[in-house]
$ cat entry_39.tsv   # TSV, C-alpha atoms and all ligand atoms
chain	number	residue	atom	x	y	z
V	1	MET	CA	-50.34	96.83	88.74
V	2	LYS	CA	-53.05	96.07	91.25
V	3	ARG	CA	-53.45	92.62	89.72
V	4	LEU	CA	-49.70	91.96	89.91
V	5	LEU	CA	-49.75	92.94	93.56
V	6	LEU	CA	-52.60	90.51	94.23
V	7	ILE	CA	-50.68	87.69	92.52
V	8	LEU	CA	-47.60	88.56	94.56
V	9	LEU	CA	-49.62	88.57	97.80
V	10	ALA	CA	-51.23	85.23	96.92
V	11	THR	CA	-47.79	83.74	96.20
V	12	ILE	CA	-46.41	84.98	99.51
V	13	ALA	CA	-49.46	83.56	101.33
V	14	SER	CA	-49.06	80.11	99.74
V	15	VAL	CA	-45.30	80.00	100.46
V	16	ALA	CA	-46.05	80.98	104.07
V	17	SER	CA	-48.66	78.23	104.39
V	18	ILE	CA	-46.23	75.62	102.99
V	19	SER	CA	-43.52	76.63	105.43
V	20	ALA	CA	-46.08	76.57	108.27
V	21	GLN	CA	-46.70	72.90	107.36
V	22	GLU	CA	-43.02	72.00	107.27
V	23	VAL	CA	-41.81	69.78	110.12
V	24	LYS	CA	-38.68	71.39	111.51
V	25	ASN	CA	-38.46	69.57	114.83
V	26	ILE	CA	-39.33	66.03	115.91
V	27	ILE	CA	-39.77	64.94	119.52
V	28	TYR	CA	-39.80	61.12	119.52
V	29	LEU	CA	-40.95	59.63	122.81
V	30	ILE	CA	-40.52	55.88	123.25
V	31	GLY	CA	-42.07	54.01	126.18
V	32	ASP	CA	-39.92	50.89	126.44
V	33	GLY	CA	-42.34	48.00	126.95
V	34	MET	CA	-45.46	50.22	126.84
V	35	GLY	CA	-48.37	48.28	125.39
V	36	LEU	CA	-51.94	49.39	124.75
V	37	ALA	CA	-52.90	47.78	128.09
V	38	SER	CA	-50.36	50.04	129.89
V	39	VAL	CA	-52.11	53.06	128.37
V	40	SER	CA	-55.55	51.61	129.20
V	41	MET	CA	-54.40	51.03	132.80
V	42	MET	CA	-53.49	54.71	133.11
V	43	GLN	CA	-56.86	55.79	131.67
V	44	LEU	CA	-58.63	53.52	134.16
V	45	GLU	CA	-56.46	54.70	137.09
V	46	ASN	CA	-57.18	58.29	136.02
V	47	LEU	CA	-60.92	57.51	136.32
V	48	TYR	CA	-61.26	58.07	132.55
V	49	GLU	CA	-60.47	61.77	132.86
V	50	THR	CA	-58.58	62.98	129.76
V	51	THR	CA	-54.97	61.77	129.72
V	52	ILE	CA	-52.24	63.05	127.42
V	53	PHE	CA	-52.84	59.94	125.24
V	54	ASP	CA	-56.52	60.90	124.80
V	55	ARG	CA	-55.38	64.27	123.47
V	56	ALA	CA	-53.57	62.72	120.46
V	57	GLU	CA	-54.46	64.38	117.16
V	58	ASN	CA	-53.86	61.19	115.21
V	59	ILE	CA	-53.03	57.55	116.00
V	60	ALA	CA	-51.53	54.55	114.21
V	61	LEU	CA	-50.32	51.03	115.05
V	62	GLN	CA	-47.01	49.30	114.43
V	63	LYS	CA	-45.93	45.68	114.18
V	64	THR	CA	-42.84	45.06	116.30
V	65	TYR	CA	-41.46	41.67	115.15
V	66	SER	CA	-37.75	41.51	114.27
V	67	LEU	CA	-36.05	39.73	111.37
V	68	ASP	CA	-35.26	36.60	113.39
V	69	ASN	CA	-37.94	36.63	116.09
V	70	ARG	CA	-41.69	37.28	116.15
V	71	VAL	CA	-41.10	38.67	119.65
V	72	THR	CA	-38.56	41.47	119.40
V	73	ASP	CA	-35.99	42.71	121.91
V	74	SER	CA	-35.21	46.40	122.44
V	75	ALA	CA	-32.12	46.33	120.20
V	76	ALA	CA	-33.89	45.13	117.05
V	77	SER	CA	-36.99	47.28	117.65
V	78	GLY	CA	-34.85	50.30	118.60
V	79	THR	CA	-32.91	49.83	115.36
V	80	ALA	CA	-36.17	49.71	113.34
V	81	LEU	CA	-37.54	52.84	115.03
V	82	ALA	CA	-34.22	54.70	114.76
V	83	THR	CA	-33.06	53.70	111.26
V	84	GLY	CA	-36.11	52.53	109.31
V	85	THR	CA	-34.70	49.01	108.83
V	86	LYS	CA	-35.45	45.79	110.72
V	87	THR	CA	-32.64	43.60	112.03
V	88	ASN	CA	-32.12	40.54	114.27
V	89	ASN	CA	-32.63	40.57	118.03
V	90	THR	CA	-29.60	41.89	120.00
V	91	MET	CA	-28.20	43.75	116.96
V	92	LEU	CA	-27.88	47.54	117.01
V	93	GLY	CA	-27.78	49.95	114.07
V	94	MET	CA	-26.78	47.30	111.54
V	95	THR	CA	-28.31	44.66	109.29
V	96	PRO	CA	-27.68	40.95	110.05
V	97	ASP	CA	-24.74	40.96	107.59
V	98	GLY	CA	-23.10	43.81	109.52
V	99	THR	CA	-23.94	46.72	107.20
V	100	ALA	CA	-24.13	49.94	109.23
V	101	LEU	CA	-27.47	51.80	109.06
V	102	GLU	CA	-28.03	55.56	109.07
V	103	SER	CA	-30.18	56.65	112.00
V	104	LEU	CA	-32.71	59.47	112.23
V	105	MET	CA	-30.11	61.33	114.34
V	106	ASP	CA	-27.36	60.85	111.72
V	107	MET	CA	-29.70	62.18	109.06
V	108	ALA	CA	-30.82	65.13	111.19
V	109	SER	CA	-27.17	66.07	111.84
V	110	HIS	CA	-26.43	65.95	108.10
V	111	GLU	CA	-29.37	68.29	107.58
V	112	GLY	CA	-27.77	70.72	110.02
V	113	LYS	CA	-30.18	69.97	112.83
V	114	ALA	CA	-29.30	69.56	116.51
V	115	THR	CA	-29.92	66.17	118.14
V	116	GLY	CA	-30.58	64.98	121.67
V	117	LEU	CA	-31.30	61.91	123.81
V	118	VAL	CA	-33.00	61.74	127.23
V	119	VAL	CA	-33.40	58.41	129.08
V	120	THR	CA	-34.02	57.06	132.58
V	121	THR	CA	-31.66	54.13	132.13
V	122	TYR	CA	-28.00	54.19	131.06
V	123	ILE	CA	-27.36	56.11	127.86
V	124	GLN	CA	-25.60	53.05	126.34
V	125	HIS	CA	-28.79	50.95	126.69
V	126	ALA	CA	-30.30	49.43	123.53
V	127	THR	CA	-33.01	52.01	122.71
V	128	PRO	CA	-30.87	55.18	122.87
V	129	ALA	CA	-27.83	53.34	121.44
V	130	ALA	CA	-29.81	52.44	118.30
V	131	PHE	CA	-29.80	56.17	117.48
V	132	TYR	CA	-26.00	56.61	117.51
V	133	ALA	CA	-24.18	53.24	117.62
V	134	HIS	CA	-23.53	50.15	115.51
V	135	ALA	CA	-22.89	46.88	117.34
V	136	ARG	CA	-23.35	43.15	116.70
V	137	SER	CA	-24.49	42.89	120.31
V	138	ARG	CA	-26.34	45.44	122.43
V	139	HIS	CA	-24.16	44.27	125.34
V	140	GLU	CA	-20.97	45.83	123.90
V	141	TYR	CA	-21.45	48.71	126.34
V	142	THR	CA	-17.89	50.04	126.32
V	143	SER	CA	-17.78	50.24	122.53
V	144	ILE	CA	-21.21	51.89	122.56
V	145	ALA	CA	-19.97	54.43	125.16
V	146	GLU	CA	-17.04	55.30	122.89
V	147	GLN	CA	-19.37	55.60	119.86
V	148	LEU	CA	-21.52	58.15	121.73
V	149	LEU	CA	-18.48	60.38	122.23
V	150	LYS	CA	-17.63	60.08	118.51
V	151	SER	CA	-21.24	60.77	117.42
V	152	ASP	CA	-22.80	64.12	116.46
V	153	ILE	CA	-25.30	64.05	119.37
V	154	ASP	CA	-25.52	67.54	120.92
V	155	ILE	CA	-27.11	66.73	124.26
V	156	ALA	CA	-27.53	63.43	126.10
V	157	ILE	CA	-29.08	63.02	129.55
V	158	GLY	CA	-29.23	59.74	131.50
V	159	GLY	CA	-27.11	57.31	133.50
V	160	GLY	CA	-24.15	55.12	132.47
V	161	MET	CA	-20.94	56.56	133.96
V	162	ALA	CA	-19.84	52.99	134.82
V	163	PHE	CA	-19.47	52.13	131.12
V	164	PHE	CA	-17.39	55.24	130.34
V	165	ASP	CA	-15.11	54.36	133.29
V	166	GLU	CA	-14.80	50.76	132.08
V	167	CYS	CA	-14.15	51.88	128.50
V	168	TYR	CA	-11.31	54.27	129.33
V	169	GLY	CA	-9.75	52.31	132.25
V	170	ASP	CA	-10.80	54.51	135.18
V	171	HIS	CA	-12.95	57.51	136.08
V	172	LYS	CA	-10.16	60.06	135.59
V	173	GLU	CA	-9.38	58.80	132.08
V	174	ALA	CA	-13.11	58.70	131.24
V	175	ILE	CA	-13.51	62.36	132.24
V	176	LYS	CA	-10.52	63.25	130.06
V	177	ALA	CA	-11.91	61.31	127.05
V	178	ILE	CA	-15.31	63.00	127.44
V	179	ALA	CA	-13.69	66.46	127.57
V	180	ASP	CA	-11.55	65.62	124.50
V	181	SER	CA	-14.71	64.65	122.58
V	182	GLY	CA	-16.10	68.17	122.98
V	183	PHE	CA	-18.84	67.24	125.44
V	184	VAL	CA	-19.14	69.24	128.66
V	185	LEU	CA	-19.82	66.64	131.37
V	186	HIS	CA	-22.34	67.27	134.16
V	187	ALA	CA	-23.16	65.06	137.16
V	188	ASP	CA	-26.14	67.21	138.16
V	189	LEU	CA	-29.18	68.12	136.04
V	190	ASP	CA	-29.26	71.64	137.52
V	191	THR	CA	-25.82	72.74	136.31
V	192	GLU	CA	-25.73	74.98	133.23
V	193	ASP	CA	-23.29	75.56	130.44
V	194	ASP	CA	-23.77	77.13	127.03
V	195	ALA	CA	-21.29	74.94	125.10
V	196	GLU	CA	-22.70	73.18	122.03
V	197	ARG	CA	-22.34	69.61	123.36
V	198	GLN	CA	-23.70	68.68	126.77
V	199	LEU	CA	-23.46	65.29	128.49
V	200	TYR	CA	-25.47	64.88	131.69
V	201	ILE	CA	-24.49	61.53	133.23
V	202	LEU	CA	-26.39	61.38	136.49
V	203	ALA	CA	-25.79	57.79	137.67
V	204	ASP	CA	-23.50	54.80	137.19
V	205	LYS	CA	-26.33	52.78	135.58
V	206	GLU	CA	-30.08	53.56	135.85
V	207	ILE	CA	-31.23	56.79	137.50
V	208	GLU	CA	-32.64	55.72	140.88
V	209	ALA	CA	-34.37	58.71	142.53
V	210	ARG	CA	-36.20	60.38	139.71
V	211	GLU	CA	-39.34	62.16	140.95
V	212	GLY	CA	-40.19	64.50	138.09
V	213	TYR	CA	-36.85	63.72	136.45
V	214	LEU	CA	-38.00	62.77	132.94
V	215	ALA	CA	-40.16	65.88	132.40
V	216	LYS	CA	-37.41	68.13	133.75
V	217	ALA	CA	-34.71	66.50	131.62
V	218	THR	CA	-36.96	66.76	128.54
V	219	ALA	CA	-37.48	70.50	129.15
V	220	LYS	CA	-33.73	70.91	129.69
V	221	ALA	CA	-32.90	69.20	126.40
V	222	LEU	CA	-35.54	71.24	124.50
V	223	ALA	CA	-34.13	74.49	125.90
V	224	HIS	CA	-30.67	73.48	124.63
V	225	LEU	CA	-31.79	72.21	121.21
V	226	GLU	CA	-34.08	75.10	120.29
V	227	GLY	CA	-31.00	77.29	119.97
V	228	ASP	CA	-30.38	75.67	116.57
V	229	ASP	CA	-32.09	77.62	113.77
V	230	ASP	CA	-32.22	74.53	111.54
V	231	GLY	CA	-34.37	72.63	114.03
V	232	PHE	CA	-33.75	69.47	116.02
V	233	VAL	CA	-34.62	65.84	116.71
V	234	LEU	CA	-34.98	64.76	120.35
V	235	MET	CA	-35.57	61.17	121.49
V	236	VAL	CA	-36.98	60.71	125.01
V	237	GLU	CA	-37.28	57.22	126.46
V	238	GLY	CA	-39.45	56.09	129.37
V	239	SER	CA	-36.87	53.34	129.79
V	240	LEU	CA	-38.06	51.52	132.89
V	241	ILE	CA	-41.71	50.85	131.97
V	242	ASP	CA	-40.23	47.66	130.49
V	243	GLY	CA	-38.57	46.58	133.75
V	244	MET	CA	-41.87	46.86	135.62
V	245	GLY	CA	-43.47	44.69	132.93
V	246	HIS	CA	-40.69	42.09	133.33
V	247	GLY	CA	-41.36	42.18	137.10
V	248	ASN	CA	-45.15	41.96	136.57
V	249	ASP	CA	-45.44	45.02	138.85
V	250	ALA	CA	-48.60	47.01	137.96
V	251	LYS	CA	-48.11	49.69	140.64
V	252	GLY	CA	-44.48	50.12	139.60
V	253	GLN	CA	-45.44	50.41	135.96
V	254	GLN	CA	-48.04	53.05	136.81
V	255	GLY	CA	-45.24	55.12	138.39
V	256	GLU	CA	-43.04	54.79	135.31
V	257	MET	CA	-45.98	55.55	133.01
V	258	HIS	CA	-46.82	58.62	135.10
V	259	ASP	CA	-43.25	59.96	134.65
V	260	PHE	CA	-43.37	59.21	130.92
V	261	MET	CA	-46.73	60.97	130.54
V	262	GLU	CA	-45.32	64.07	132.25
V	263	ALA	CA	-42.54	64.12	129.65
V	264	ILE	CA	-45.10	63.75	126.83
V	265	GLU	CA	-46.97	66.74	128.28
V	266	VAL	CA	-43.79	68.84	128.16
V	267	ALA	CA	-43.28	67.81	124.51
V	268	VAL	CA	-46.88	68.50	123.46
V	269	GLU	CA	-46.87	71.89	125.18
V	270	TYR	CA	-43.64	72.72	123.34
V	271	ALA	CA	-45.24	71.70	120.02
V	272	GLU	CA	-48.27	73.88	120.73
V	273	GLU	CA	-46.03	76.87	121.35
V	274	HIS	CA	-43.65	76.10	118.46
V	275	PRO	CA	-45.44	75.30	115.16
V	276	GLY	CA	-43.28	73.06	112.98
V	277	THR	CA	-42.83	70.54	115.80
V	278	LEU	CA	-44.09	66.96	115.42
V	279	VAL	CA	-44.48	64.84	118.56
V	280	VAL	CA	-44.47	61.05	118.07
V	281	VAL	CA	-45.19	58.77	121.04
V	282	THR	CA	-44.81	55.02	120.69
V	283	ALA	CA	-43.26	51.89	122.23
V	284	ASP	CA	-40.56	49.52	121.02
V	285	HIS	CA	-42.65	46.49	122.09
V	286	GLU	CA	-45.01	45.36	124.82
V	287	THR	CA	-43.63	43.73	127.98
V	288	GLY	CA	-45.43	41.41	130.38
V	289	GLY	CA	-48.44	40.54	128.22
V	290	LEU	CA	-50.60	42.75	130.43
V	291	SER	CA	-54.36	42.36	130.29
V	292	ILE	CA	-57.15	44.02	132.26
V	293	VAL	CA	-59.77	41.46	133.26
V	294	SER	CA	-62.95	41.57	135.31
V	295	ASN	CA	-63.03	39.94	138.74
V	296	ASN	CA	-66.38	38.48	137.81
V	297	ALA	CA	-66.99	36.88	134.44
V	298	ASP	CA	-70.77	37.31	134.74
V	299	PHE	CA	-71.45	40.56	132.90
V	300	ASN	CA	-75.12	40.48	133.94
V	301	LEU	CA	-73.82	41.72	137.29
V	302	SER	CA	-72.38	45.15	137.93
V	303	GLU	CA	-68.60	45.33	138.17
V	304	GLN	CA	-66.86	43.76	141.13
V	305	GLY	CA	-63.37	45.07	140.47
V	306	VAL	CA	-60.78	44.47	137.78
V	307	GLU	CA	-57.44	42.75	137.86
V	308	TYR	CA	-54.21	43.60	136.07
V	309	ARG	CA	-53.13	40.16	134.87
V	310	TRP	CA	-49.72	39.49	133.37
V	311	THR	CA	-49.14	36.56	131.05
V	312	THR	CA	-45.34	36.52	130.77
V	313	ASP	CA	-42.21	37.94	132.40
V	314	GLY	CA	-40.83	38.56	128.91
V	315	HIS	CA	-41.92	40.59	125.90
V	316	SER	CA	-45.01	39.93	123.77
V	317	GLY	CA	-45.66	40.11	120.03
V	318	VAL	CA	-48.75	42.35	120.07
V	319	MET	CA	-48.88	45.56	118.03
V	320	VAL	CA	-48.11	48.80	119.86
V	321	PRO	CA	-49.81	52.21	119.43
V	322	ILE	CA	-48.40	55.41	117.93
V	323	TYR	CA	-49.79	58.76	119.15
V	324	LEU	CA	-49.19	61.93	117.11
V	325	TYR	CA	-49.41	65.60	117.99
V	326	GLY	CA	-48.50	68.88	116.31
V	327	THR	CA	-47.34	69.74	112.79
V	328	GLY	CA	-47.44	66.77	110.41
V	329	ALA	CA	-49.48	64.56	112.79
V	330	GLU	CA	-51.72	63.67	109.83
V	331	ARG	CA	-48.75	62.27	107.88
V	332	ILE	CA	-48.50	59.02	109.86
V	333	ASN	CA	-51.53	56.76	109.51
V	334	GLY	CA	-52.76	53.18	109.62
V	335	ILE	CA	-51.03	49.93	110.44
V	336	MET	CA	-47.32	49.77	109.65
V	337	GLU	CA	-44.05	48.00	110.35
V	338	ASN	CA	-41.95	49.51	113.17
V	339	SER	CA	-39.29	50.14	110.50
V	340	THR	CA	-41.81	52.06	108.36
V	341	LEU	CA	-42.30	54.53	111.22
V	342	GLY	CA	-38.52	55.10	111.39
V	343	GLU	CA	-38.37	55.50	107.62
V	344	LYS	CA	-41.29	57.96	107.57
V	345	LEU	CA	-39.68	60.13	110.22
V	346	LYS	CA	-36.41	60.21	108.27
V	347	ASN	CA	-38.35	61.32	105.17
V	348	ILE	CA	-40.29	63.95	107.10
V	349	ILE	CA	-37.19	65.74	108.39
V	350	SER	CA	-35.16	65.32	105.24
V	351	VAL	CA	-34.87	68.59	103.34
V	352	HIS	CA	-33.78	66.61	100.25
V	353	PRO	CA	-35.92	63.43	100.36
V	401	ZN	ZN	-37.45	44.26	128.03
$ encode --input "entry_39.tsv" --output "structure tokens"
Amino acid sequence: MKRLLLILLATIASVASISAQEVKNIIYLIGDGMGLASVSMMQLENLYETTIFDRAENIALQKTYSLDNRVTDSAASGTALATGTKTNNTMLGMTPDGTALESLMDMASHEGKATGLVVTTYIQHATPAAFYAHARSRHEYTSIAEQLLKSDIDIAIGGGMAFFDECYGDHKEAIKAIADSGFVLHADLDTEDDAERQLYILADKEIEAREGYLAKATAKALAHLEGDDDGFVLMVEGSLIDGMGHGNDAKGQQGEMHDFMEAIEVAVEYAEEHPGTLVVVTADHETGGLSIVSNNADFNLSEQGVEYRWTTDGHSGVMVPIYLYGTGAERINGIMENSTLGEKLKNIISVHP
């Protein structure tokens, strides 16, 4: 009898340890255009004090090239990260022959999980759209707006009212279409509602004044999603890091990186308090070809300042980092394709892989 009891206790303990290892929630943070030099710049600007990147429990690297270009755009790389399959530049959520791809969000919804998107740009922009839309061109904004309303996304926070208005003819019709879709529409991040589907559209296009916005919106989305007992997948994009790279604006990029890092901190804190949560931080590609060079090439001398030097106003083809925190952080390792990361995340949350 005593022996039976011991066996029973051991079985319960091993089941408990397996379920403690299970990844129930994924928070996927994508810094659009964030290269390793962007991260290095923040470490340097932070006087090498510990940043949220330095606290990663595991790291990996991904290759960003698309099917038709060694330098990807955000549509092809977003599709790879969201669906696990590479495609051509400008294409969203489909292969070059037009076959629709299942995204991480689609899969999470099928598994009964809640899903959310938080961005600083318009919600129809390439990176978030790759998680819910299928389009030959990322510029089909009105079709993408309509596809968001027809998707299973439970909460979306960002800009992009202009594209809903354009899609449905005018603002009044857009508001009606959004209500008919089951989303409760908010124009202010501070308004509350306990309905299942929440749409916070805070600007016509990008969100302009956004001091502390990304961290606050991330916390808001987490508070909404954690109500689902089956778990959730949340994608958070630091959307405008890319624009500062295109503009070769180091100070501007530091501001966008700062906002993004605050959102990562919210996610990591959530994971620490909620075992079963995996936090994945990566980029879709690098923008600007940023390098950090010494003002004096003679290294026999002590430092005489460094310069942030940009090599392009477009994207580059260098690998980008992946930072992992929380439950399952050890499951993503090494050097991989961007699509492999998307595929791995789909496998990790799939109850029936
Ligand atoms: Zn870009």
$ atom_distance --input "entry_39.tsv" --atom1 "CA of Ile144 in chain V" --atom2 "CA of Phe163 in chain V"
8.7 Å
$ closest_residue --input "entry_39.tsv" --among "V:His171, V:Met42, V:Ala177, V:Gly212" --to "Leu189 in chain V" --atoms "only C-alpha atoms"
V:Gly212
$ closest_atom_pairs --input "entry_39.tsv" --of "chain V" --to "ligand ZN 401 (chain V)" --cutoff "10 Å" --atoms "only C-alpha atoms and all ligand atoms" --output "JSON lines"
{"residue": "V:Asp32", "atom": "CA", "partner": "V:ZN401", "partner_atom": "ZN", "distance": 7.3}
{"residue": "V:Gly33", "atom": "CA", "partner": "V:ZN401", "partner_atom": "ZN", "distance": 6.3}
{"residue": "V:Thr72", "atom": "CA", "partner": "V:ZN401", "partner_atom": "ZN", "distance": 9.1}
{"residue": "V:Asp73", "atom": "CA", "partner": "V:ZN401", "partner_atom": "ZN", "distance": 6.5}
{"residue": "V:Ser74", "atom": "CA", "partner": "V:ZN401", "partner_atom": "ZN", "distance": 6.4}
{"residue": "V:Ala75", "atom": "CA", "partner": "V:ZN401", "partner_atom": "ZN", "distance": 9.7}
{"residue": "V:Ala126", "atom": "CA", "partner": "V:ZN401", "partner_atom": "ZN", "distance": 9.9}
{"residue": "V:Ser239", "atom": "CA", "partner": "V:ZN401", "partner_atom": "ZN", "distance": 9.3}
{"residue": "V:Leu240", "atom": "CA", "partner": "V:ZN401", "partner_atom": "ZN", "distance": 8.8}
{"residue": "V:Ile241", "atom": "CA", "partner": "V:ZN401", "partner_atom": "ZN", "distance": 8.8}
{"residue": "V:Asp242", "atom": "CA", "partner": "V:ZN401", "partner_atom": "ZN", "distance": 5.0}
{"residue": "V:Gly243", "atom": "CA", "partner": "V:ZN401", "partner_atom": "ZN", "distance": 6.3}
{"residue": "V:Met244", "atom": "CA", "partner": "V:ZN401", "partner_atom": "ZN", "distance": 9.2}
{"residue": "V:Gly245", "atom": "CA", "partner": "V:ZN401", "partner_atom": "ZN", "distance": 7.8}
{"residue": "V:His246", "atom": "CA", "partner": "V:ZN401", "partner_atom": "ZN", "distance": 6.6}
{"residue": "V:Asp284", "atom": "CA", "partner": "V:ZN401", "partner_atom": "ZN", "distance": 9.3}
{"residue": "V:His285", "atom": "CA", "partner": "V:ZN401", "partner_atom": "ZN", "distance": 8.2}
{"residue": "V:Glu286", "atom": "CA", "partner": "V:ZN401", "partner_atom": "ZN", "distance": 8.3}
{"residue": "V:Thr287", "atom": "CA", "partner": "V:ZN401", "partner_atom": "ZN", "distance": 6.2}
{"residue": "V:Gly288", "atom": "CA", "partner": "V:ZN401", "partner_atom": "ZN", "distance": 8.8}
{"residue": "V:Asp313", "atom": "CA", "partner": "V:ZN401", "partner_atom": "ZN", "distance": 9.0}
{"residue": "V:Gly314", "atom": "CA", "partner": "V:ZN401", "partner_atom": "ZN", "distance": 6.7}
{"residue": "V:His315", "atom": "CA", "partner": "V:ZN401", "partner_atom": "ZN", "distance": 6.2}
{"residue": "V:Ser316", "atom": "CA", "partner": "V:ZN401", "partner_atom": "ZN", "distance": 9.7}
$ atom_distance --input "entry_39.tsv" --atom1 "CA of Lys251 in chain V" --atom2 "CA of Val71 in chain V"
24.7 Å
$ residues_around --input "entry_39.tsv" --residues "Thr95 in chain V" --least-positions-apart "2" --cutoff "10 Å" --atoms "all atoms listed in the file" --output "short mmCIF file (atom, residue, chain, number, x, y, z; two decimals) with C-alpha atoms, in the coordinates of the input"
data_model
loop_
_atom_site.label_atom_id
_atom_site.label_comp_id
_atom_site.auth_asym_id
_atom_site.auth_seq_id
_atom_site.Cartn_x
_atom_site.Cartn_y
_atom_site.Cartn_z
CA LEU V 67 -36.05 39.73 111.37
CA ALA V 76 -33.89 45.13 117.05
CA THR V 79 -32.91 49.83 115.36
CA THR V 85 -34.70 49.01 108.83
CA LYS V 86 -35.45 45.79 110.72
CA THR V 87 -32.64 43.60 112.03
CA ASN V 88 -32.12 40.54 114.27
CA MET V 91 -28.20 43.75 116.96
CA LEU V 92 -27.88 47.54 117.01
CA GLY V 93 -27.78 49.95 114.07
CA ASP V 97 -24.74 40.96 107.59
CA GLY V 98 -23.10 43.81 109.52
CA THR V 99 -23.94 46.72 107.20
CA ALA V 100 -24.13 49.94 109.23
CA LEU V 101 -27.47 51.80 109.06
CA HIS V 134 -23.53 50.15 115.51
CA ALA V 135 -22.89 46.88 117.34
CA ARG V 136 -23.35 43.15 116.70
#
$ build_atoms --input "entry_39.tsv" --residues "range 306-311 of chain V" --atoms "all heavy atoms" --output "short mmCIF file (atom, residue, chain, number, x, y, z; two decimals), in the frame of the given file"
data_model
loop_
_atom_site.label_atom_id
_atom_site.label_comp_id
_atom_site.auth_asym_id
_atom_site.auth_seq_id
_atom_site.Cartn_x
_atom_site.Cartn_y
_atom_site.Cartn_z
N VAL V 306 -61.54 45.00 138.92
CA VAL V 306 -60.78 44.47 137.78
C VAL V 306 -59.40 44.06 138.29
O VAL V 306 -58.96 44.48 139.35
CB VAL V 306 -60.63 45.51 136.64
CG1 VAL V 306 -61.96 45.82 135.99
CG2 VAL V 306 -59.92 46.76 137.12
N GLU V 307 -58.76 43.24 137.48
CA GLU V 307 -57.44 42.75 137.86
C GLU V 307 -56.47 43.03 136.72
O GLU V 307 -56.82 42.88 135.54
CB GLU V 307 -57.51 41.23 138.10
CG GLU V 307 -56.22 40.64 138.63
CD GLU V 307 -56.18 39.11 138.47
OE1 GLU V 307 -57.26 38.49 138.36
OE2 GLU V 307 -55.07 38.56 138.44
N TYR V 308 -55.27 43.48 137.06
CA TYR V 308 -54.21 43.60 136.07
C TYR V 308 -53.52 42.24 136.03
O TYR V 308 -52.88 41.83 137.00
CB TYR V 308 -53.22 44.70 136.46
CG TYR V 308 -53.88 46.06 136.51
CD1 TYR V 308 -53.76 46.88 137.64
CD2 TYR V 308 -54.64 46.52 135.44
CE1 TYR V 308 -54.37 48.11 137.69
CE2 TYR V 308 -55.26 47.76 135.49
CZ TYR V 308 -55.13 48.55 136.62
OH TYR V 308 -55.74 49.78 136.68
N ARG V 309 -53.67 41.52 134.94
CA ARG V 309 -53.13 40.16 134.87
C ARG V 309 -52.03 40.10 133.83
O ARG V 309 -52.21 40.49 132.68
CB ARG V 309 -54.24 39.16 134.54
CG ARG V 309 -53.82 37.72 134.78
CD ARG V 309 -54.96 36.77 134.53
NE ARG V 309 -56.05 36.89 135.50
CZ ARG V 309 -57.24 36.31 135.37
NH1 ARG V 309 -57.50 35.57 134.31
NH2 ARG V 309 -58.17 36.48 136.28
N TRP V 310 -50.88 39.60 134.25
CA TRP V 310 -49.72 39.49 133.37
C TRP V 310 -49.64 38.07 132.83
O TRP V 310 -49.99 37.13 133.53
CB TRP V 310 -48.45 39.82 134.14
CG TRP V 310 -48.47 41.18 134.80
CD1 TRP V 310 -48.97 41.48 136.04
CD2 TRP V 310 -47.99 42.41 134.26
NE1 TRP V 310 -48.82 42.83 136.30
CE2 TRP V 310 -48.22 43.42 135.23
CE3 TRP V 310 -47.38 42.77 133.06
CZ2 TRP V 310 -47.86 44.76 135.04
CZ3 TRP V 310 -47.02 44.10 132.87
CH2 TRP V 310 -47.26 45.08 133.84
N THR V 311 -49.19 37.91 131.62
CA THR V 311 -49.14 36.56 131.05
C THR V 311 -47.73 36.08 130.77
O THR V 311 -47.53 34.94 130.36
CB THR V 311 -49.95 36.51 129.73
OG1 THR V 311 -49.41 37.47 128.82
CG2 THR V 311 -51.42 36.83 129.96
#
